[in-house]
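With TSV, N, CA and C atoms inside, this is input_3.tsv:
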chain	number	residue	atom	x	y	z
A	22	GLN	N	6.00	6.23	-13.41
A	22	GLN	CA	5.41	7.06	-12.38
A	22	GLN	C	4.34	6.27	-11.65
A	23	VAL	N	4.42	6.25	-10.34
A	23	VAL	CA	3.47	5.47	-9.56
A	23	VAL	C	2.22	6.29	-9.29
A	24	GLN	N	1.08	5.62	-9.32
A	24	GLN	CA	-0.18	6.25	-8.93
A	24	GLN	C	-0.65	5.62	-7.63
A	25	LEU	N	-1.17	6.47	-6.74
A	25	LEU	CA	-1.58	6.04	-5.42
A	25	LEU	C	-3.06	6.31	-5.22
A	26	VAL	N	-3.78	5.32	-4.73
A	26	VAL	CA	-5.21	5.47	-4.49
A	26	VAL	C	-5.54	5.04	-3.07
A	27	GLU	N	-5.99	6.02	-2.28
A	27	GLU	CA	-6.36	5.74	-0.89
A	27	GLU	C	-7.82	5.29	-0.79
A	28	SER	N	-8.10	4.51	0.23
A	28	SER	CA	-9.47	4.09	0.51
A	28	SER	C	-9.58	3.77	2.00
A	29	GLY	N	-10.82	3.63	2.46
A	29	GLY	CA	-11.04	3.22	3.84
A	29	GLY	C	-11.46	4.32	4.79
A	30	GLY	N	-11.50	5.56	4.29
A	30	GLY	CA	-11.93	6.65	5.16
A	30	GLY	C	-13.43	6.58	5.43
A	31	GLY	N	-13.88	7.44	6.35
A	31	GLY	CA	-15.30	7.47	6.67
A	31	GLY	C	-15.56	8.23	7.94
A	32	LEU	N	-16.78	8.07	8.44
A	32	LEU	CA	-17.21	8.72	9.68
A	32	LEU	C	-17.25	7.68	10.79
A	33	VAL	N	-16.63	8.01	11.91
A	33	VAL	CA	-16.57	7.08	13.03
A	33	VAL	C	-16.72	7.87	14.32
A	34	GLN	N	-17.20	7.22	15.36
A	34	GLN	CA	-17.32	7.87	16.65
A	34	GLN	C	-16.00	7.86	17.40
A	35	THR	N	-15.88	8.76	18.35
A	35	THR	CA	-14.70	8.80	19.22
A	35	THR	C	-14.46	7.42	19.83
A	36	GLY	N	-13.20	6.99	19.77
A	36	GLY	CA	-12.83	5.68	20.29
A	36	GLY	C	-12.90	4.57	19.27
A	37	GLY	N	-13.44	4.86	18.10
A	37	GLY	CA	-13.57	3.86	17.06
A	37	GLY	C	-12.29	3.63	16.29
A	38	SER	N	-12.39	2.75	15.29
A	38	SER	CA	-11.22	2.38	14.50
A	38	SER	C	-11.54	2.44	13.01
A	39	LEU	N	-10.51	2.69	12.23
A	39	LEU	CA	-10.58	2.62	10.78
A	39	LEU	C	-9.25	2.08	10.28
A	40	ARG	N	-9.28	1.43	9.12
A	40	ARG	CA	-8.04	1.05	8.46
A	40	ARG	C	-8.02	1.66	7.07
A	41	LEU	N	-7.04	2.52	6.85
A	41	LEU	CA	-6.85	3.11	5.54
A	41	LEU	C	-5.93	2.22	4.71
A	42	SER	N	-6.22	2.18	3.42
A	42	SER	CA	-5.37	1.45	2.48
A	42	SER	C	-4.91	2.40	1.38
A	43	CYS	N	-3.74	2.14	0.86
A	43	CYS	CA	-3.22	2.92	-0.26
A	43	CYS	C	-2.63	1.93	-1.25
A	44	ALA	N	-3.28	1.81	-2.39
A	44	ALA	CA	-2.83	0.89	-3.43
A	44	ALA	C	-1.97	1.62	-4.44
A	45	ALA	N	-0.82	1.05	-4.75
A	45	ALA	CA	0.12	1.65	-5.70
A	45	ALA	C	0.07	0.91	-7.03
A	46	SER	N	0.21	1.69	-8.10
A	46	SER	CA	0.10	1.09	-9.43
A	46	SER	C	1.39	0.47	-9.94
A	47	ASP	N	2.51	0.91	-9.37
A	47	ASP	CA	3.82	0.48	-9.86
A	47	ASP	C	4.14	-0.92	-9.36
A	48	VAL	N	4.52	-1.81	-10.27
A	48	VAL	CA	4.82	-3.18	-9.86
A	48	VAL	C	6.12	-3.26	-9.06
A	49	THR	N	6.93	-2.18	-9.12
A	49	THR	CA	8.15	-2.16	-8.32
A	49	THR	C	7.90	-1.46	-7.00
A	50	PHE	N	6.82	-1.81	-6.36
A	50	PHE	CA	6.41	-1.17	-5.10
A	50	PHE	C	7.50	-1.23	-4.05
A	51	THR	N	8.28	-2.28	-4.07
A	51	THR	CA	9.34	-2.43	-3.07
A	51	THR	C	10.45	-1.40	-3.23
A	52	ALA	N	10.43	-0.65	-4.30
A	52	ALA	CA	11.42	0.40	-4.50
A	52	ALA	C	11.05	1.70	-3.81
A	53	TYR	N	9.87	1.74	-3.18
A	53	TYR	CA	9.36	2.98	-2.61
A	53	TYR	C	9.27	2.92	-1.09
A	54	ALA	N	9.80	3.98	-0.45
A	54	ALA	CA	9.46	4.24	0.94
A	54	ALA	C	8.11	4.95	0.94
A	55	MET	N	7.30	4.68	1.95
A	55	MET	CA	5.92	5.18	1.97
A	55	MET	C	5.63	5.97	3.23
A	56	GLY	N	4.64	6.85	3.10
A	56	GLY	CA	4.25	7.63	4.26
A	56	GLY	C	2.78	8.00	4.22
A	57	TRP	N	2.26	8.36	5.39
A	57	TRP	CA	0.91	8.90	5.51
A	57	TRP	C	1.01	10.31	6.11
A	58	PHE	N	0.23	11.22	5.55
A	58	PHE	CA	0.12	12.58	6.04
A	58	PHE	C	-1.36	12.90	6.18
A	59	ARG	N	-1.66	14.00	6.88
A	59	ARG	CA	-3.05	14.42	6.99
A	59	ARG	C	-3.12	15.94	7.00
A	60	GLN	N	-4.29	16.44	6.60
A	60	GLN	CA	-4.52	17.87	6.61
A	60	GLN	C	-5.94	18.14	7.08
A	61	ALA	N	-6.02	18.85	8.18
A	61	ALA	CA	-7.31	19.26	8.73
A	61	ALA	C	-7.69	20.62	8.16
A	62	PRO	N	-8.98	20.95	8.16
A	62	PRO	CA	-9.42	22.24	7.61
A	62	PRO	C	-8.71	23.41	8.29
A	63	GLY	N	-8.15	24.30	7.49
A	63	GLY	CA	-7.48	25.47	8.02
A	63	GLY	C	-6.11	25.23	8.60
A	64	LYS	N	-5.61	24.01	8.46
A	64	LYS	CA	-4.29	23.69	9.01
A	64	LYS	C	-3.35	23.20	7.92
A	65	GLU	N	-2.07	23.23	8.21
A	65	GLU	CA	-1.08	22.72	7.28
A	65	GLU	C	-1.07	21.18	7.30
A	66	ARG	N	-0.60	20.64	6.21
A	66	ARG	CA	-0.45	19.20	6.15
A	66	ARG	C	0.60	18.75	7.16
A	67	GLU	N	0.33	17.64	7.85
A	67	GLU	CA	1.26	17.17	8.86
A	67	GLU	C	1.56	15.68	8.68
A	68	PHE	N	2.75	15.32	9.10
A	68	PHE	CA	3.20	13.94	9.04
A	68	PHE	C	2.43	13.08	10.03
A	69	VAL	N	2.11	11.85	9.62
A	69	VAL	CA	1.44	10.89	10.49
A	69	VAL	C	2.34	9.68	10.75
A	70	ALA	N	2.77	9.00	9.69
A	70	ALA	CA	3.56	7.79	9.87
A	70	ALA	C	4.33	7.49	8.60
A	71	ALA	N	5.44	6.76	8.76
A	71	ALA	CA	6.28	6.41	7.62
A	71	ALA	C	6.82	5.00	7.78
A	72	ILE	N	7.18	4.40	6.64
A	72	ILE	CA	7.69	3.03	6.64
A	72	ILE	C	8.74	2.89	5.54
A	73	ASN	N	9.78	2.12	5.82
A	73	ASN	CA	10.82	1.95	4.81
A	73	ASN	C	10.40	0.92	3.77
A	74	ARG	N	11.28	0.67	2.83
A	74	ARG	CA	10.93	-0.17	1.68
A	74	ARG	C	10.54	-1.58	2.07
A	75	SER	N	11.23	-2.14	3.02
A	75	SER	CA	10.96	-3.54	3.38
A	75	SER	C	9.81	-3.67	4.38
A	76	GLY	N	9.51	-2.59	5.06
A	76	GLY	CA	8.50	-2.64	6.11
A	76	GLY	C	9.06	-2.94	7.48
A	77	GLY	N	10.38	-3.08	7.55
A	77	GLY	CA	10.98	-3.43	8.82
A	77	GLY	C	11.20	-2.26	9.76
A	78	ARG	N	11.11	-1.05	9.24
A	78	ARG	CA	11.30	0.14	10.07
A	78	ARG	C	10.13	1.09	9.87
A	79	THR	N	9.57	1.54	10.98
A	79	THR	CA	8.46	2.48	10.93
A	79	THR	C	8.68	3.61	11.92
A	80	TYR	N	7.94	4.69	11.70
A	80	TYR	CA	8.01	5.83	12.61
A	80	TYR	C	6.68	6.54	12.58
A	81	SER	N	6.20	6.96	13.75
A	81	SER	CA	4.91	7.64	13.84
A	81	SER	C	5.06	8.96	14.58
A	82	ALA	N	4.20	9.89	14.25
A	82	ALA	CA	4.17	11.17	14.95
A	82	ALA	C	3.74	10.94	16.40
A	83	ASP	N	4.22	11.80	17.28
A	83	ASP	CA	3.87	11.67	18.70
A	83	ASP	C	2.37	11.70	18.92
A	84	SER	N	1.67	12.48	18.11
A	84	SER	CA	0.22	12.65	18.30
A	84	SER	C	-0.56	11.37	18.04
A	85	VAL	N	0.02	10.42	17.32
A	85	VAL	CA	-0.69	9.18	16.99
A	85	VAL	C	0.01	7.94	17.53
A	86	LYS	N	1.17	8.13	18.14
A	86	LYS	CA	1.95	6.99	18.62
A	86	LYS	C	1.14	6.19	19.64
A	87	GLY	N	1.14	4.87	19.46
A	87	GLY	CA	0.37	4.01	20.34
A	87	GLY	C	-1.06	3.80	19.89
A	88	ARG	N	-1.52	4.61	18.93
A	88	ARG	CA	-2.89	4.47	18.43
A	88	ARG	C	-2.92	4.07	16.95
A	89	PHE	N	-2.00	4.58	16.16
A	89	PHE	CA	-1.95	4.31	14.72
A	89	PHE	C	-0.76	3.41	14.41
A	90	THR	N	-0.95	2.53	13.45
A	90	THR	CA	0.13	1.64	13.01
A	90	THR	C	0.19	1.61	11.50
A	91	ILE	N	1.38	1.88	10.97
A	91	ILE	CA	1.60	1.78	9.53
A	91	ILE	C	2.19	0.42	9.21
A	92	SER	N	1.77	-0.14	8.10
A	92	SER	CA	2.32	-1.42	7.65
A	92	SER	C	2.20	-1.48	6.13
A	93	ARG	N	2.84	-2.47	5.54
A	93	ARG	CA	2.77	-2.61	4.09
A	93	ARG	C	2.76	-4.08	3.72
A	94	ASP	N	2.11	-4.36	2.60
A	94	ASP	CA	2.12	-5.70	2.02
A	94	ASP	C	2.70	-5.54	0.62
A	95	ASN	N	3.97	-5.86	0.47
A	95	ASN	CA	4.64	-5.63	-0.80
A	95	ASN	C	4.09	-6.53	-1.91
A	96	ALA	N	3.57	-7.68	-1.56
A	96	ALA	CA	2.98	-8.56	-2.57
A	96	ALA	C	1.71	-7.96	-3.16
A	97	LYS	N	1.04	-7.12	-2.38
A	97	LYS	CA	-0.19	-6.47	-2.85
A	97	LYS	C	0.03	-5.02	-3.23
A	98	SER	N	1.28	-4.55	-3.15
A	98	SER	CA	1.59	-3.16	-3.50
A	98	SER	C	0.70	-2.18	-2.73
A	99	THR	N	0.54	-2.43	-1.46
A	99	THR	CA	-0.39	-1.66	-0.63
A	99	THR	C	0.25	-1.32	0.70
A	100	VAL	N	0.00	-0.09	1.14
A	100	VAL	CA	0.39	0.34	2.47
A	100	VAL	C	-0.88	0.64	3.26
A	101	TYR	N	-0.83	0.36	4.55
A	101	TYR	CA	-2.00	0.50	5.41
A	101	TYR	C	-1.73	1.46	6.55
A	102	LEU	N	-2.79	2.03	7.08
A	102	LEU	CA	-2.73	2.80	8.31
A	102	LEU	C	-3.88	2.33	9.19
A	103	GLN	N	-3.55	1.56	10.20
A	103	GLN	CA	-4.55	1.12	11.17
A	103	GLN	C	-4.69	2.19	12.23
A	104	MET	N	-5.91	2.70	12.39
A	104	MET	CA	-6.14	3.80	13.31
A	104	MET	C	-7.12	3.34	14.39
A	105	ASN	N	-6.65	3.32	15.61
A	105	ASN	CA	-7.47	2.92	16.76
A	105	ASN	C	-7.63	4.09	17.71
A	106	SER	N	-8.60	3.98	18.60
A	106	SER	CA	-8.84	5.01	19.62
A	106	SER	C	-8.91	6.39	19.00
A	107	LEU	N	-9.69	6.51	17.97
A	107	LEU	CA	-9.76	7.76	17.22
A	107	LEU	C	-10.36	8.88	18.06
A	108	LYS	N	-9.86	10.08	17.82
A	108	LYS	CA	-10.29	11.28	18.52
A	108	LYS	C	-10.81	12.30	17.51
A	109	PRO	N	-11.63	13.24	17.96
A	109	PRO	CA	-12.11	14.27	17.03
A	109	PRO	C	-10.97	15.03	16.36
A	110	GLU	N	-9.86	15.23	17.04
A	110	GLU	CA	-8.73	15.94	16.45
A	110	GLU	C	-8.01	15.14	15.36
A	111	ASP	N	-8.39	13.89	15.17
A	111	ASP	CA	-7.85	13.10	14.05
A	111	ASP	C	-8.60	13.38	12.75
A	112	THR	N	-9.68	14.14	12.83
A	112	THR	CA	-10.45	14.47	11.63
A	112	THR	C	-9.59	15.24	10.64
A	113	ALA	N	-9.51	14.71	9.42
A	113	ALA	CA	-8.66	15.32	8.39
A	113	ALA	C	-8.81	14.53	7.10
A	114	VAL	N	-8.25	15.08	6.05
A	114	VAL	CA	-8.04	14.30	4.82
A	114	VAL	C	-6.67	13.63	4.96
A	115	TYR	N	-6.65	12.33	4.75
A	115	TYR	CA	-5.42	11.55	4.89
A	115	TYR	C	-4.86	11.22	3.51
A	116	TYR	N	-3.57	11.50	3.36
A	116	TYR	CA	-2.89	11.31	2.09
A	116	TYR	C	-1.79	10.26	2.22
A	117	CYS	N	-1.69	9.45	1.21
A	117	CYS	CA	-0.61	8.49	1.06
A	117	CYS	C	0.47	9.12	0.18
A	118	ALA	N	1.74	8.85	0.48
A	118	ALA	CA	2.83	9.41	-0.30
A	118	ALA	C	3.90	8.35	-0.53
A	119	ALA	N	4.60	8.47	-1.65
A	119	ALA	CA	5.65	7.51	-2.01
A	119	ALA	C	6.91	8.22	-2.44
A	120	ARG	N	8.03	7.62	-2.10
A	120	ARG	CA	9.34	8.14	-2.50
A	120	ARG	C	10.13	6.99	-3.07
A	121	ARG	N	10.51	7.10	-4.33
A	121	ARG	CA	11.38	6.09	-4.92
A	121	ARG	C	12.75	6.24	-4.28
A	122	ASP	N	13.25	5.19	-3.68
A	122	ASP	CA	14.41	5.32	-2.82
A	122	ASP	C	15.42	4.21	-3.07
A	123	TYR	N	16.69	4.57	-3.10
A	123	TYR	CA	17.74	3.57	-3.28
A	123	TYR	C	18.14	2.95	-1.96
A	124	SER	N	17.82	3.64	-0.89
A	124	SER	CA	18.13	3.10	0.43
A	124	SER	C	17.03	2.13	0.85
A	125	THR	N	17.45	1.04	1.47
A	125	THR	CA	16.47	0.10	2.02
A	125	THR	C	16.23	0.36	3.49
A	126	THR	N	16.96	1.32	4.04
A	126	THR	CA	16.95	1.53	5.48
A	126	THR	C	16.00	2.63	5.94
A	127	PHE	N	15.97	3.72	5.17
A	127	PHE	CA	15.36	4.93	5.70
A	127	PHE	C	13.86	5.01	5.49
A	128	TYR	N	13.22	5.75	6.41
A	128	TYR	CA	11.88	6.25	6.21
A	128	TYR	C	11.99	7.77	6.23
A	129	TYR	N	10.92	8.46	5.84
A	129	TYR	CA	10.99	9.90	5.65
A	129	TYR	C	9.78	10.57	6.28
A	130	ILE	N	10.01	11.68	6.97
A	130	ILE	CA	8.93	12.32	7.71
A	130	ILE	C	8.58	13.70	7.19
A	131	ALA	N	9.32	14.22	6.23
A	131	ALA	CA	9.02	15.55	5.66
A	131	ALA	C	8.30	15.38	4.34
A	132	ASP	N	7.25	16.18	4.13
A	132	ASP	CA	6.47	15.99	2.91
A	132	ASP	C	7.26	16.30	1.65
A	133	HIS	N	8.24	17.20	1.72
A	133	HIS	CA	9.00	17.53	0.52
A	133	HIS	C	9.92	16.39	0.09
A	134	GLU	N	10.07	15.38	0.90
A	134	GLU	CA	10.92	14.24	0.55
A	134	GLU	C	10.17	13.20	-0.28
A	135	TYR	N	8.89	13.39	-0.46
A	135	TYR	CA	8.09	12.44	-1.23
A	135	TYR	C	7.82	12.97	-2.63
A	136	ASN	N	7.82	12.06	-3.59
A	136	ASN	CA	7.66	12.42	-4.99
A	136	ASN	C	6.23	12.27	-5.50
A	137	TYR	N	5.50	11.35	-4.91
A	137	TYR	CA	4.16	11.00	-5.42
A	137	TYR	C	3.14	11.03	-4.29
A	138	TRP	N	1.93	11.49	-4.65
A	138	TRP	CA	0.87	11.65	-3.67
A	138	TRP	C	-0.45	11.12	-4.22
A	139	GLY	N	-1.24	10.56	-3.31
A	139	GLY	CA	-2.61	10.21	-3.66
A	139	GLY	C	-3.52	11.41	-3.52
A	140	ARG	N	-4.79	11.21	-3.82
A	140	ARG	CA	-5.76	12.30	-3.76
A	140	ARG	C	-6.37	12.47	-2.38
A	141	GLY	N	-6.17	11.51	-1.52
A	141	GLY	CA	-6.65	11.63	-0.15
A	141	GLY	C	-7.97	10.94	0.11
A	142	THR	N	-8.19	10.63	1.38
A	142	THR	CA	-9.46	10.05	1.82
A	142	THR	C	-9.86	10.74	3.12
A	143	GLN	N	-11.13	11.08	3.23
A	143	GLN	CA	-11.61	11.84	4.38
A	143	GLN	C	-11.86	10.93	5.58
A	144	VAL	N	-11.34	11.35	6.72
A	144	VAL	CA	-11.63	10.68	7.99
A	144	VAL	C	-12.28	11.71	8.90
A	145	SER	N	-13.46	11.37	9.40
A	145	SER	CA	-14.19	12.27	10.30
A	145	SER	C	-14.52	11.51	11.58
A	146	VAL	N	-14.17	12.11	12.71
A	146	VAL	CA	-14.41	11.49	14.01
A	146	VAL	C	-15.37	12.38	14.79
A	147	SER	N	-16.51	11.83	15.13
A	147	SER	CA	-17.52	12.60	15.86
A	147	SER	C	-17.33	12.42	17.36
A	148	SER	N	-17.66	13.49	18.09
A	148	SER	CA	-17.50	13.45	19.55
A	148	SER	C	-18.75	12.93	20.23
Can you turn what I pasted into structure tokens?
Amino acid sequence: QVQLVESGGGLVQTGGSLRLSCAASDVTFTAYAMGWFRQAPGKEREFVAAINRSGGRTYSADSVKGRFTISRDNAKSTVYLQMNSLKPEDTAVYYCAARRDYSTTFYYIADHEYNYWGRGTQVSVSS
């Protein structure tokens, strides 16, 4: 069972940048498709970005497209979320998720498709 630990959250002004990291405990990190989700106060959890096992295919939600970039370093068992041009509406707890997957092609955008979750890291964007 993989354990996920997010880091890199914090308070930033509108227009600023943050890079979130998610470190996985499983040495077979390349067996997992990865994703980032977020949940703002009073709202449902929503998809942010996803990446396949190799890192060659990614997908981002329309709300963050062009501003956020997901990537992974399989040698470090870590997935990243680079967030630029942050807006107050990006304020949320950000969660990393993993799905052990036999496919090397697919990424996943629904939260029920993921098996493992981190505890989250808070991102706050001030106006």
Counting all atoms listed in the file, closest pick from A:Tyr80, A:Phe68, A:Trp138, A:Tyr101 relative to Ala119 of chain A is A:Trp138
Segment 113-117 of chain A, all listed atoms, 5 Å padding on each side: what axis-aligned box centre and edge lengths in Å to one decimal come out, as lines of an AutoDock Vina configuration file?
center_x = -4.5
center_y = 11.9
center_z = 4.8
size_x = 20.0
size_y = 16.8
size_z = 19.2
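Closest approach to Tyr116 of chain A among A:Phe58, A:Ser46, A:Gly30, A:Ala131 is made by A:Phe58 (distances from only N, CA and C atoms).
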Test item: which residues lie within 10 Å of (-2.6, 10.1, -2.1) counting only C-alpha atoms, as a ChimeraX atom specification: /A:24-28,43-45,56-58,114-119,137-142
Residue set, segment 22-145 of chain A restricted to helix (DSSP H, G or I), as an MDAnalysis selection string: chainID A and resid 50:52 109:111 132:134
Surrounding residues of Arg78 of chain A excluding itself and chain neighbours under 6 positions, 12 Å, only C-alpha atoms, as a list in words: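 Here the answer would be Ala54, Met55, Gly56, Ala70, Ala71, Ile72, Thr90, Ile91, Ser92, Arg93, Thr125, Thr126, Phe127, Tyr128 and Tyr129 of chain A.
For the choices A:Asp94, A:Asp111, A:Asp47, A:Glu134, the atom-to-atom distance to Arg59 of chain A is smallest for A:Asp111 when using only C-alpha atoms.
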Would you fill the gaps in segment 64-76 of chain A so it has N, CA, C and O atoms, then print it as a compact mmCIF listing (two decimals), keeping the file's coordinate frame?
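Just written: rebuild-v3.txt:
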# COMPACT_ATOMS: atom_id res chain seq x y z
N LYS A 64 -5.61 24.01 8.46
CA LYS A 64 -4.29 23.69 9.01
C LYS A 64 -3.35 23.20 7.92
O LYS A 64 -3.78 22.79 6.85
N GLU A 65 -2.07 23.23 8.21
CA GLU A 65 -1.08 22.72 7.28
C GLU A 65 -1.07 21.18 7.30
O GLU A 65 -1.45 20.56 8.28
N ARG A 66 -0.60 20.64 6.21
CA ARG A 66 -0.45 19.20 6.15
C ARG A 66 0.60 18.75 7.16
O ARG A 66 1.64 19.39 7.31
N GLU A 67 0.33 17.64 7.85
CA GLU A 67 1.26 17.17 8.86
C GLU A 67 1.56 15.68 8.68
O GLU A 67 0.74 14.91 8.20
N PHE A 68 2.75 15.32 9.10
CA PHE A 68 3.20 13.94 9.04
C PHE A 68 2.43 13.08 10.03
O PHE A 68 2.15 13.51 11.16
N VAL A 69 2.11 11.85 9.62
CA VAL A 69 1.44 10.89 10.49
C VAL A 69 2.34 9.68 10.75
O VAL A 69 2.61 9.35 11.91
N ALA A 70 2.77 9.00 9.69
CA ALA A 70 3.56 7.79 9.87
C ALA A 70 4.33 7.49 8.60
O ALA A 70 3.93 7.91 7.51
N ALA A 71 5.44 6.76 8.76
CA ALA A 71 6.28 6.41 7.62
C ALA A 71 6.82 5.00 7.78
O ALA A 71 6.93 4.49 8.90
N ILE A 72 7.18 4.40 6.64
CA ILE A 72 7.69 3.03 6.64
C ILE A 72 8.74 2.89 5.54
O ILE A 72 8.62 3.50 4.47
N ASN A 73 9.78 2.12 5.82
CA ASN A 73 10.82 1.95 4.81
C ASN A 73 10.40 0.92 3.77
O ASN A 73 9.30 0.38 3.81
N ARG A 74 11.28 0.67 2.83
CA ARG A 74 10.93 -0.17 1.68
C ARG A 74 10.54 -1.58 2.07
O ARG A 74 9.61 -2.16 1.52
N SER A 75 11.23 -2.14 3.02
CA SER A 75 10.96 -3.54 3.38
C SER A 75 9.81 -3.67 4.38
O SER A 75 9.25 -4.75 4.53
N GLY A 76 9.51 -2.59 5.06
CA GLY A 76 8.50 -2.64 6.11
C GLY A 76 9.06 -2.94 7.48
O GLY A 76 8.33 -3.01 8.45
